[in-house]
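Peer 1: Coordinates in start-v8.tsv, TSV, C-alpha atoms and all ligand atoms, are listed below.
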chain	number	residue	atom	x	y	z
A	1	MET	CA	-4.59	-8.24	-1.30
A	2	ASP	CA	-7.40	-7.81	-3.75
A	3	VAL	CA	-10.41	-6.74	-1.71
A	4	MET	CA	-12.77	-6.31	-4.62
A	5	PRO	CA	-13.95	-9.96	-4.68
A	6	ALA	CA	-14.82	-9.70	-0.98
A	7	ILE	CA	-16.74	-6.50	-1.60
A	8	SER	CA	-18.53	-8.07	-4.54
A	9	ALA	CA	-19.47	-11.09	-2.42
A	10	LEU	CA	-20.79	-8.80	0.28
A	11	ALA	CA	-22.71	-6.73	-2.26
A	12	GLU	CA	-24.31	-9.79	-3.78
A	13	ARG	CA	-25.19	-11.39	-0.50
A	14	GLU	CA	-28.78	-12.49	-0.77
A	15	ASN	CA	-31.00	-10.36	1.40
A	16	ARG	CA	-33.79	-10.19	-1.12
A	17	THR	CA	-37.17	-11.75	-0.39
A	18	GLU	CA	-40.07	-12.29	-2.74
A	19	ASP	CA	-41.86	-8.97	-2.15
A	20	ASP	CA	-38.75	-6.81	-2.42
A	21	TYR	CA	-38.34	-4.68	-5.50
A	22	ILE	CA	-35.88	-2.43	-7.30
A	23	ASN	CA	-36.83	1.21	-6.96
A	24	GLU	CA	-36.53	2.78	-10.38
A	25	ALA	CA	-35.66	6.20	-8.95
A	26	ASP	CA	-32.32	5.09	-7.48
A	27	GLY	CA	-31.91	1.55	-8.79
A	28	LEU	CA	-31.63	0.13	-5.24
A	29	LEU	CA	-33.37	-2.81	-3.63
A	30	TYR	CA	-36.33	-1.87	-1.37
A	31	CYS	CA	-38.24	-3.88	1.19
A	32	GLY	CA	-41.67	-4.94	-0.03
A	33	LYS	CA	-43.06	-4.55	3.49
A	34	CYS	CA	-41.72	-1.33	4.96
A	35	HIS	CA	-40.64	0.28	1.64
A	36	THR	CA	-37.30	1.45	2.96
A	37	PRO	CA	-34.01	0.61	1.20
A	38	LYS	CA	-32.24	-2.70	1.70
A	39	GLN	CA	-29.23	-1.44	-0.18
A	40	ALA	CA	-26.98	1.60	-0.05
A	41	ARG	CA	-24.55	2.78	-2.68
A	42	VAL	CA	-21.00	2.89	-1.41
A	43	ALA	CA	-17.97	4.30	-3.18
A	44	PHE	CA	-14.67	2.43	-2.97
A	45	HIS	CA	-11.35	3.99	-3.90
A	46	LEU	CA	-9.16	1.17	-4.95
A	47	GLY	CA	-6.92	2.51	-7.65
A	48	GLY	CA	-9.90	4.34	-9.08
A	49	ARG	CA	-13.35	5.10	-7.83
A	50	GLN	CA	-15.85	2.26	-7.91
A	51	GLU	CA	-19.41	2.26	-6.69
A	52	ARG	CA	-21.30	-0.74	-5.45
A	53	ALA	CA	-24.69	-1.30	-3.89
A	54	VAL	CA	-24.22	-3.09	-0.56
A	55	PRO	CA	-26.90	-4.69	1.61
A	56	ILE	CA	-28.21	-2.81	4.65
A	57	VAL	CA	-31.03	-3.61	7.06
A	58	CYS	CA	-34.37	-2.08	6.24
A	59	GLN	CA	-36.62	-0.54	8.90
A	60	CYS	CA	-38.68	-3.66	9.61
A	61	GLU	CA	-35.61	-5.89	9.89
A	62	ASN	CA	-34.10	-3.37	12.28
A	63	GLN	CA	-37.31	-3.36	14.32
A	64	ALA	CA	-37.38	-7.16	14.44
A	65	ALA	CA	-33.80	-7.19	15.73
A	66	GLU	CA	-34.72	-4.57	18.34
A	67	THR	CA	-37.74	-6.62	19.47
A	68	ALA	CA	-35.55	-9.75	19.71
A	69	ARG	CA	-33.05	-7.81	21.85
A	70	GLU	CA	-35.89	-6.59	24.09
A	71	ILE	CA	-37.28	-10.10	24.54
A	72	ALA	CA	-33.81	-11.44	25.34
A	73	GLY	CA	-33.37	-8.62	27.89
A	74	LYS	CA	-36.70	-9.42	29.56
A	75	MET	CA	-35.87	-13.12	29.70
A	76	GLU	CA	-32.54	-12.34	31.30
A	77	PHE	CA	-34.33	-10.10	33.85
A	78	GLN	CA	-36.80	-12.90	34.69
A	79	ARG	CA	-33.97	-15.40	35.04
A	80	ARG	CA	-32.04	-13.16	37.47
A	81	MET	CA	-35.22	-12.39	39.43
A	82	ALA	CA	-35.99	-16.10	39.85
A	83	GLU	CA	-32.39	-16.69	40.95
A	84	PHE	CA	-32.54	-13.93	43.60
A	85	ARG	CA	-35.88	-15.21	44.87
A	86	LYS	CA	-34.60	-18.75	45.14
A	87	GLY	CA	-31.44	-17.65	46.92
A	88	GLY	CA	-32.94	-15.09	49.29
A	89	ILE	CA	-36.52	-16.08	50.12
A	90	THR	CA	-36.41	-19.77	50.86
A	91	ASP	CA	-39.53	-20.18	53.00
A	92	PRO	CA	-42.57	-20.77	50.73
A	93	ALA	CA	-44.86	-19.00	53.25
A	94	TYR	CA	-42.78	-15.85	52.87
A	95	LEU	CA	-43.29	-15.92	49.10
A	96	ARG	CA	-47.05	-15.61	49.57
A	97	TYR	CA	-46.77	-12.38	51.56
A	98	THR	CA	-47.00	-9.82	48.77
A	99	PHE	CA	-48.63	-6.43	48.22
A	100	ALA	CA	-50.93	-8.18	45.75
A	101	ALA	CA	-52.29	-10.29	48.64
A	102	ASP	CA	-52.52	-7.31	51.04
A	103	ASP	CA	-56.07	-6.79	52.32
A	104	ARG	CA	-55.20	-3.20	53.44
A	105	GLN	CA	-56.94	-3.59	56.77
A	106	ASP	CA	-54.79	-0.69	57.93
A	107	PRO	CA	-54.44	1.48	54.80
A	108	ALA	CA	-52.01	4.00	56.33
A	109	LEU	CA	-49.61	1.24	57.36
A	110	SER	CA	-49.96	-0.45	54.00
A	111	ASP	CA	-49.13	2.85	52.27
A	112	VAL	CA	-46.02	3.40	54.38
A	113	CYS	CA	-44.73	-0.04	53.38
A	114	ARG	CA	-45.51	0.54	49.71
A	115	ARG	CA	-43.79	3.92	49.85
A	116	TYR	CA	-40.69	2.30	51.31
A	117	VAL	CA	-40.44	0.27	48.10
A	118	GLU	CA	-41.23	3.28	45.88
A	119	ARG	CA	-38.54	5.36	47.63
A	120	TRP	CA	-36.09	2.46	47.82
A	121	ALA	CA	-33.31	4.45	46.16
A	122	GLU	CA	-33.34	6.99	48.99
A	123	MET	CA	-33.93	4.36	51.68
A	124	GLU	CA	-30.91	2.44	50.44
A	125	ALA	CA	-28.71	5.51	50.00
A	126	GLN	CA	-29.45	6.65	53.56
A	127	ASN	CA	-29.46	3.12	54.97
A	128	ILE	CA	-32.95	3.37	56.47
A	129	GLY	CA	-34.43	0.16	57.85
A	130	ILE	CA	-37.75	-0.64	59.52
A	131	LEU	CA	-38.59	-2.24	62.84
A	132	PHE	CA	-41.99	-3.93	62.84
A	133	HIS	CA	-43.04	-4.57	66.42
A	134	GLY	CA	-46.25	-5.66	68.09
A	135	THR	CA	-48.05	-8.75	69.30
A	136	VAL	CA	-48.33	-12.06	67.48
A	137	GLY	CA	-50.38	-12.38	64.31
A	138	THR	CA	-50.69	-8.66	63.55
A	139	GLY	CA	-49.02	-8.86	60.13
A	140	LYS	CA	-45.40	-7.96	60.87
A	141	SER	CA	-43.92	-10.77	58.81
A	142	PHE	CA	-46.48	-10.09	56.09
A	143	TYR	CA	-45.35	-6.52	55.42
A	144	ALA	CA	-41.64	-7.22	55.90
A	145	CYS	CA	-41.90	-9.98	53.27
A	146	ALA	CA	-44.12	-7.90	50.97
A	147	ILE	CA	-41.36	-5.30	50.84
A	148	ALA	CA	-38.68	-7.93	50.15
A	149	ASN	CA	-40.79	-9.61	47.45
A	150	ALA	CA	-41.53	-6.27	45.77
A	151	LEU	CA	-37.81	-5.47	45.63
A	152	VAL	CA	-36.96	-8.89	44.21
A	153	ASP	CA	-39.63	-8.24	41.55
A	154	GLN	CA	-37.35	-5.37	40.48
A	155	CYS	CA	-34.30	-7.63	40.50
A	156	ILE	CA	-33.00	-6.10	43.73
A	157	PRO	CA	-31.48	-8.91	45.82
A	158	ALA	CA	-33.32	-9.19	49.15
A	159	MET	CA	-33.12	-11.93	51.76
A	160	VAL	CA	-35.67	-12.97	54.37
A	161	THR	CA	-34.41	-15.10	57.22
A	162	SER	CA	-34.62	-15.46	61.00
A	163	PHE	CA	-32.16	-15.69	63.88
A	164	PRO	CA	-32.94	-19.36	64.64
A	165	ARG	CA	-32.12	-20.14	61.01
A	166	LEU	CA	-28.99	-17.99	61.02
A	167	LEU	CA	-27.82	-19.48	64.32
A	168	ASN	CA	-28.19	-22.98	62.88
A	169	LEU	CA	-26.27	-21.98	59.80
A	170	LEU	CA	-23.50	-20.30	61.79
A	171	GLN	CA	-23.22	-23.22	64.17
A	172	SER	CA	-22.80	-25.80	61.43
A	173	ALA	CA	-20.62	-23.67	59.14
A	174	GLN	CA	-16.97	-24.39	58.51
A	175	ASN	CA	-16.38	-20.75	57.81
A	176	ARG	CA	-18.69	-18.38	59.67
A	177	GLN	CA	-17.28	-15.34	57.91
A	178	GLU	CA	-18.49	-16.76	54.60
A	179	ILE	CA	-22.07	-16.80	55.90
A	180	ILE	CA	-21.79	-13.24	57.19
A	181	ASP	CA	-20.26	-12.09	53.89
A	182	GLY	CA	-23.07	-13.89	52.04
A	183	LEU	CA	-25.66	-11.81	53.89
A	184	GLY	CA	-23.77	-8.69	52.88
A	185	ARG	CA	-24.43	-9.41	49.23
A	186	TYR	CA	-28.16	-8.78	49.72
A	187	ARG	CA	-29.17	-5.18	49.31
A	188	LEU	CA	-32.01	-5.68	51.78
A	189	LEU	CA	-31.87	-8.09	54.70
A	190	VAL	CA	-35.07	-8.99	56.57
A	191	ILE	CA	-34.66	-10.82	59.87
A	192	ASP	CA	-38.01	-12.13	61.00
A	193	ASP	CA	-39.02	-12.70	64.60
A	194	LEU	CA	-36.19	-11.30	66.70
A	195	GLY	CA	-36.55	-12.66	70.22
A	196	VAL	CA	-37.78	-16.17	69.44
A	197	GLU	CA	-34.25	-17.61	69.30
A	198	ARG	CA	-32.90	-19.36	72.35
A	199	ASP	CA	-31.53	-16.96	74.88
A	200	SER	CA	-27.92	-17.81	75.52
A	201	SER	CA	-24.71	-15.90	75.69
A	202	TYR	CA	-23.50	-17.77	72.60
A	203	ALA	CA	-26.64	-16.83	70.65
A	204	ALA	CA	-26.38	-13.19	71.72
A	205	GLU	CA	-22.76	-13.07	70.59
A	206	GLN	CA	-23.64	-14.47	67.16
A	207	ILE	CA	-26.59	-12.12	66.77
A	208	TYR	CA	-24.42	-9.15	67.62
A	209	GLY	CA	-21.96	-10.34	64.97
A	210	VAL	CA	-24.68	-10.43	62.30
A	211	ILE	CA	-26.14	-7.03	63.23
A	212	ASP	CA	-22.75	-5.39	63.53
A	213	ALA	CA	-21.70	-6.72	60.10
A	214	ARG	CA	-24.95	-5.37	58.64
A	215	ALA	CA	-24.30	-1.95	60.18
A	216	ARG	CA	-20.81	-1.91	58.74
A	217	SER	CA	-22.07	-2.93	55.29
A	218	GLY	CA	-24.16	0.26	55.20
A	219	LYS	CA	-27.10	-1.68	53.79
A	220	PRO	CA	-30.70	-1.59	55.07
A	221	LEU	CA	-32.09	-4.05	57.60
A	222	ILE	CA	-35.73	-4.81	58.41
A	223	ILE	CA	-36.52	-6.53	61.69
A	224	THR	CA	-39.78	-7.95	62.97
A	225	THR	CA	-40.26	-8.75	66.64
A	226	ASN	CA	-42.87	-9.59	69.25
A	227	LEU	CA	-40.69	-7.93	71.90
A	228	PRO	CA	-42.19	-4.74	73.33
A	229	TYR	CA	-40.46	-1.55	72.20
A	230	SER	CA	-39.75	-0.66	75.83
A	231	GLU	CA	-37.66	-3.82	76.16
A	232	LEU	CA	-35.66	-2.91	73.08
A	233	GLU	CA	-34.99	0.51	74.56
A	234	LYS	CA	-34.19	-0.76	78.05
A	235	PRO	CA	-33.09	-4.38	77.91
A	236	ALA	CA	-32.25	-6.34	81.02
A	237	SER	CA	-28.69	-7.28	80.09
A	238	MET	CA	-25.70	-5.40	78.70
A	239	GLN	CA	-25.30	-8.05	76.00
A	240	HIS	CA	-28.81	-7.36	74.71
A	241	LYS	CA	-28.35	-3.63	75.00
A	242	ARG	CA	-25.44	-3.80	72.57
A	243	ILE	CA	-27.63	-5.65	70.04
A	244	TYR	CA	-30.77	-3.55	70.45
A	245	ASP	CA	-28.92	-0.22	70.32
A	246	ARG	CA	-27.50	-1.23	66.97
A	247	ILE	CA	-30.93	-2.37	65.72
A	248	LEU	CA	-32.64	0.86	66.78
A	249	GLU	CA	-29.92	2.81	64.99
A	250	LEU	CA	-30.30	0.72	61.80
A	251	CYS	CA	-34.12	0.74	61.91
A	252	PRO	CA	-35.13	4.34	62.60
A	253	VAL	CA	-38.66	3.67	61.30
A	254	ALA	CA	-40.52	1.80	64.04
A	255	LEU	CA	-43.96	0.59	62.99
A	256	LYS	CA	-46.19	-0.65	65.77
A	257	MET	CA	-48.65	-3.29	64.64
A	258	THR	CA	-51.79	-3.52	66.70
A	259	GLY	CA	-55.09	-5.35	66.68
A	260	ASP	CA	-56.23	-8.87	67.30
A	261	SER	CA	-54.23	-11.76	65.99
A	262	ARG	CA	-55.13	-12.39	62.38
A	263	ARG	CA	-54.10	-15.98	62.94
A	264	THR	CA	-56.87	-16.45	65.51
A	265	LYS	CA	-59.34	-14.80	63.14
A	266	ASN	CA	-58.15	-16.93	60.22
A	267	ALA	CA	-58.46	-20.06	62.35
A	268	VAL	CA	-62.03	-19.16	63.33
A	269	ALA	CA	-62.97	-18.56	59.69
A	270	LYS	CA	-61.31	-21.81	58.65
A	271	LYS	CA	-63.13	-23.74	61.35
A	272	ALA	CA	-66.47	-22.31	60.20
A	273	ALA	CA	-65.67	-23.17	56.55
A	274	ALA	CA	-64.66	-26.72	57.49
A	275	LYS	CA	-67.83	-27.16	59.50
A	276	THR	CA	-69.98	-26.05	56.55
A	277	LEU	CA	-68.09	-28.36	54.21
A	278	LEU	CA	-68.33	-31.38	56.46
A	279	GLN	CA	-71.95	-30.92	57.39
A	280	GLY	CA	-72.75	-31.04	53.67
B	1	LIG	N1	-51.91	-7.15	55.19
B	1	LIG	C1	-52.34	-8.42	55.17
B	1	LIG	N2	-53.18	-8.84	54.20
B	1	LIG	C2	-53.63	-10.10	54.18
B	1	LIG	N3	-53.29	-11.05	55.08
B	1	LIG	C3	-52.47	-10.69	56.08
B	1	LIG	C4	-51.95	-9.37	56.18
B	1	LIG	N4	-51.17	-9.31	57.27
B	1	LIG	C5	-51.18	-10.54	57.80
B	1	LIG	N5	-51.95	-11.37	57.11
B	1	LIG	C6	-52.19	-12.79	57.44
B	1	LIG	O1	-52.30	-12.91	58.84
B	1	LIG	C7	-51.50	-13.97	59.36
B	1	LIG	C8	-50.54	-13.46	60.41
B	1	LIG	O2	-49.65	-12.51	59.85
B	1	LIG	P1	-48.11	-12.48	60.19
B	1	LIG	O3	-47.49	-11.47	59.30
B	1	LIG	O4	-47.54	-13.84	60.17
B	1	LIG	O5	-48.13	-11.94	61.70
B	1	LIG	P2	-46.91	-11.65	62.68
B	1	LIG	O6	-45.65	-11.77	61.92
B	1	LIG	O7	-47.17	-10.26	63.19
B	1	LIG	O8	-47.02	-12.65	63.79
B	1	LIG	C9	-50.78	-14.57	58.16
B	1	LIG	O9	-51.37	-15.80	57.89
B	1	LIG	C10	-50.99	-13.62	57.02
B	1	LIG	O10	-51.25	-14.30	55.84
B	2	MG	MG	-44.11	-13.17	62.21
Please render this file's structure as structure tokens.
Ligand SMILES: Nc1ncnc2c1ncn2[C@@H]1O[C@H](COP(=O)(O)OP(=O)(O)O)[C@@H](O)[C@H]1O
Ligand SMILES: [Mg+2]
Peer 2:
Amino acid sequence: MDVMPAISALAERENRTEDDYINEADGLLYCGKCHTPKQARVAFHLGGRQERAVPIVCQCENQAAETAREIAGKMEFQRRMAEFRKGGITDPAYLRYTFAADDRQDPALSDVCRRYVERWAEMEAQNIGILFHGTVGTGKSFYACAIANALVDQCIPAMVTSFPRLLNLLQSAQNRQEIIDGLGRYRLLVIDDLGVERDSSYAAEQIYGVIDARARSGKPLIITTNLPYSELEKPASMQHKRIYDRILELCPVALKMTGDSRRTKNAVAKKAAAKTLLQG
């Protein structure tokens, strides 16, 4: 096969723009913008040595291609992030609980939660979860979700759900194992409000199944609960003891949230604002 015509075609491919010029020193085409060569001289040995100038990419073309690759990479990152958020954090209220919205009323607690995200690699490797406990309205769900949202921002799949929701799902599912396996795909699982689900032997059995699968997956779990810590340590029934023992083992960091209910405070502020608005 005669390859010379192909080489000639390649060599004459038009990569010249208006500002480009032939450099007299080497006779090659140069870019008018970045002044680096757009041609290189290549020797071919095809029954005798022949030299041809062939097109190459100049510095600015190379940079443009690099920038295009970077933009495509960022877009892909954003697309995956949106997908993880949609799949894992389905409650719109949970999406609003972010470190950006944190009022840092308790700075030490806020810092611990932020550090959990910063040290995620170690937390994940050592399977360290958090148990947020305390009375209603103290910000347990807020910080659990802020952590999950911050991880999703880094394209780390995290899910926020609750036992009532999981129990509904498990009850209506054709294949319960599929649901359990689905949870295992999330690198962080947040289960909000342990203890609000209906208290039945069936529910306890399902909950144990979820927690046990999480323990076996070796992936971190964050739990929030209004139950007092003493009840988690010394539950009334054997069935609950099995569940709580597993949770305490998976969530060695127990953060007690104290203070008045922020919900009550928010409601008072809202009432005052509404009054002002309506009184004109
Ligand atoms: N750190 C915080 N910064 C700003 N708002 C907060 C913070 N923690 C809680 N809130 C607000 O207080 C309310 C109650 O918080 P929540 O996390 O739902 O409490 P809990 O889960 O302990 O019952 C929510 O409306 C939430 O927006
Ligand atoms: Mg809550």
Peer 1: Residues within 7 Å of ligand MG 2 (chain B), counting all atoms listed in the file: report them as a list in words.
Peer 2: Val136, Gly137, Gly139, Lys140, Ser141, Asp192, Asp193 and Thr224 of chain A
Peer 1: How would you write, as a list in words, the set of residues no farther than 7 Å from ligand LIG 1 (chain B) when counting all atoms listed in the file?
Peer 2: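 Listing the residues within 7 Å of ligand LIG 1 (chain B) gives Tyr97, Ala101, Asp102, Asp103, Arg104, Gln105, Gly134, Thr135, Val136, Gly137, Thr138, Gly139, Lys140, Ser141, Phe142, Tyr143, Ser261, Arg262 and Arg263 of chain A.
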Peer 1: I'd like the contact shell of Arg165 (chain A) - 12 Å cut-off, all atoms listed in the file, skipping same-chain residues fewer than 2 positions apart - returned as a list of chain:residue names.
Peer 2: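 The neighbour list is A:Thr90, A:Asp91, A:Val160, A:Thr161, A:Ser162, A:Phe163, A:Leu167, A:Asn168, A:Leu169, A:Leu170, A:Gln171, A:Ser172, A:Ile179, A:Ile191, A:Asp192, A:Asp193, A:Leu194, A:Val196, A:Glu197, A:Arg198, A:Ala203, A:Gln206, A:Ile207.
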Peer 1: Identify, on the basis of all atoms listed in the file, every residue whose closest approach to Leu189 (chain A) does not exceed 6 Å; exclude the query and any residue fewer than 4 positions from it along the same chain; express the result as JSON, numbers by chain.
Peer 2: {"A": [158, 159, 221]}
Peer 1: Counting all atoms listed in the file, which of A:Gly87, A:Gly129, A:Gly259, A:Pro92 gets nearest to Arg185 (chain A)?
Peer 2: A:Gly87
Peer 1: Rounded to one decimal in Å, what is the spacing between CA of His133 (chain A) and CA of Tyr208 (chain A)?
Peer 2: 19.2 Å
Peer 1: Which residues, protein or nucleic acid, reach to within 10 Å of (-46.2, -1.6, 49.7) in the file's coordinates when using all atoms listed in the file, and can you give that as a ChimeraX atom specification?
Peer 2: /A:98-100,102,104,109-118,143-144,146-150
Peer 1: Which one of A:Glu249, A:Arg216, A:Ala64, A:Gly209 sits closest to Leu232 (chain A) if you count all atoms listed in the file?
Peer 2: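 Residue with the minimum atom-to-atom distance to Leu232 (chain A): A:Glu249.
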Peer 1: Rank nothing, just name the residue among A:Thr17, A:Thr67, A:Ser217, A:Asn23 nearest to Asn127 (chain A), using all atoms listed in the file.
Peer 2: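 Comparing A:Thr17, A:Thr67, A:Ser217, A:Asn23 against Asn127 (chain A), the winner is A:Ser217.
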Peer 1: Suppose you want the space between CA of Leu151 (chain A) and CA of Leu188 (chain A); what is it in Å?
Peer 2: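 Taking CA of Leu151 (chain A) and CA of Leu188 (chain A), their separation equals 8.5 Å.
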Peer 1: By how many Å are CA of Cys251 (chain A) and CA of Ile128 (chain A) apart?
Peer 2: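 Between these atoms lies a distance of 6.2 Å.
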Peer 1: Counting all atoms listed in the file, what is within 10 Å of Asp181 (chain A), bar same-chain residues fewer than 5 positions away, as a PyMOL selection string?
Peer 2: chain A and resi 176+186+210+213-214+217
Peer 1: Selected residues, C-alpha atoms, written as a PDB file, in the frame of the given file, please.
Peer 2:
ATOM      1  CA  ARG A 176     -18.690 -18.380  59.670  1.00  0.00           C
ATOM      2  CA  TYR A 186     -28.160  -8.780  49.720  1.00  0.00           C
ATOM      3  CA  VAL A 210     -24.680 -10.430  62.300  1.00  0.00           C
ATOM      4  CA  ALA A 213     -21.700  -6.720  60.100  1.00  0.00           C
ATOM      5  CA  ARG A 214     -24.950  -5.370  58.640  1.00  0.00           C
ATOM      6  CA  SER A 217     -22.070  -2.930  55.290  1.00  0.00           C
TER       7      SER A 217
END
Peer 1: Select, counting all atoms listed in the file, all protein, DNA and RNA residues no farther than 10 Å from (-38.0, -5.5, 74.2) in file coordinates, and express the selection as a list in words.
Peer 2: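 The answer, in the requested form, is His133, Leu194, Gly195, Thr225, Asn226, Leu227, Pro228, Tyr229, Ser230, Glu231, Leu232, Glu233, Lys234, Pro235, Ala236, His240, Lys241 and Tyr244 of chain A.
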Peer 1: Counting only C-alpha atoms, which of A:Leu250, A:Ile211, A:Ala274, A:Val190 gets nearest to Ile89 (chain A)?
Peer 2: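 That would be A:Val190, the residue with the smallest distance to Ile89 (chain A).
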Peer 1: From the set A:Phe84, A:Trp120, A:Tyr30, A:Phe44, which residue has the shortest atom-to-atom contact distance to Glu61 (chain A), counting all atoms listed in the file?
Peer 2: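 Smallest distance to Glu61 (chain A) is found for A:Tyr30.
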Peer 1: For region 88-106 of chain A, what centre and edge lengths in Å (one decimal) does the axis-aligned box get once 6 Å is added on each side of all its listed atoms, as lines of an AutoDock Vina configuration file?
Peer 2:
center_x = -44.9
center_y = -10.7
center_z = 51.8
size_x = 36.0
size_y = 32.1
size_z = 24.2
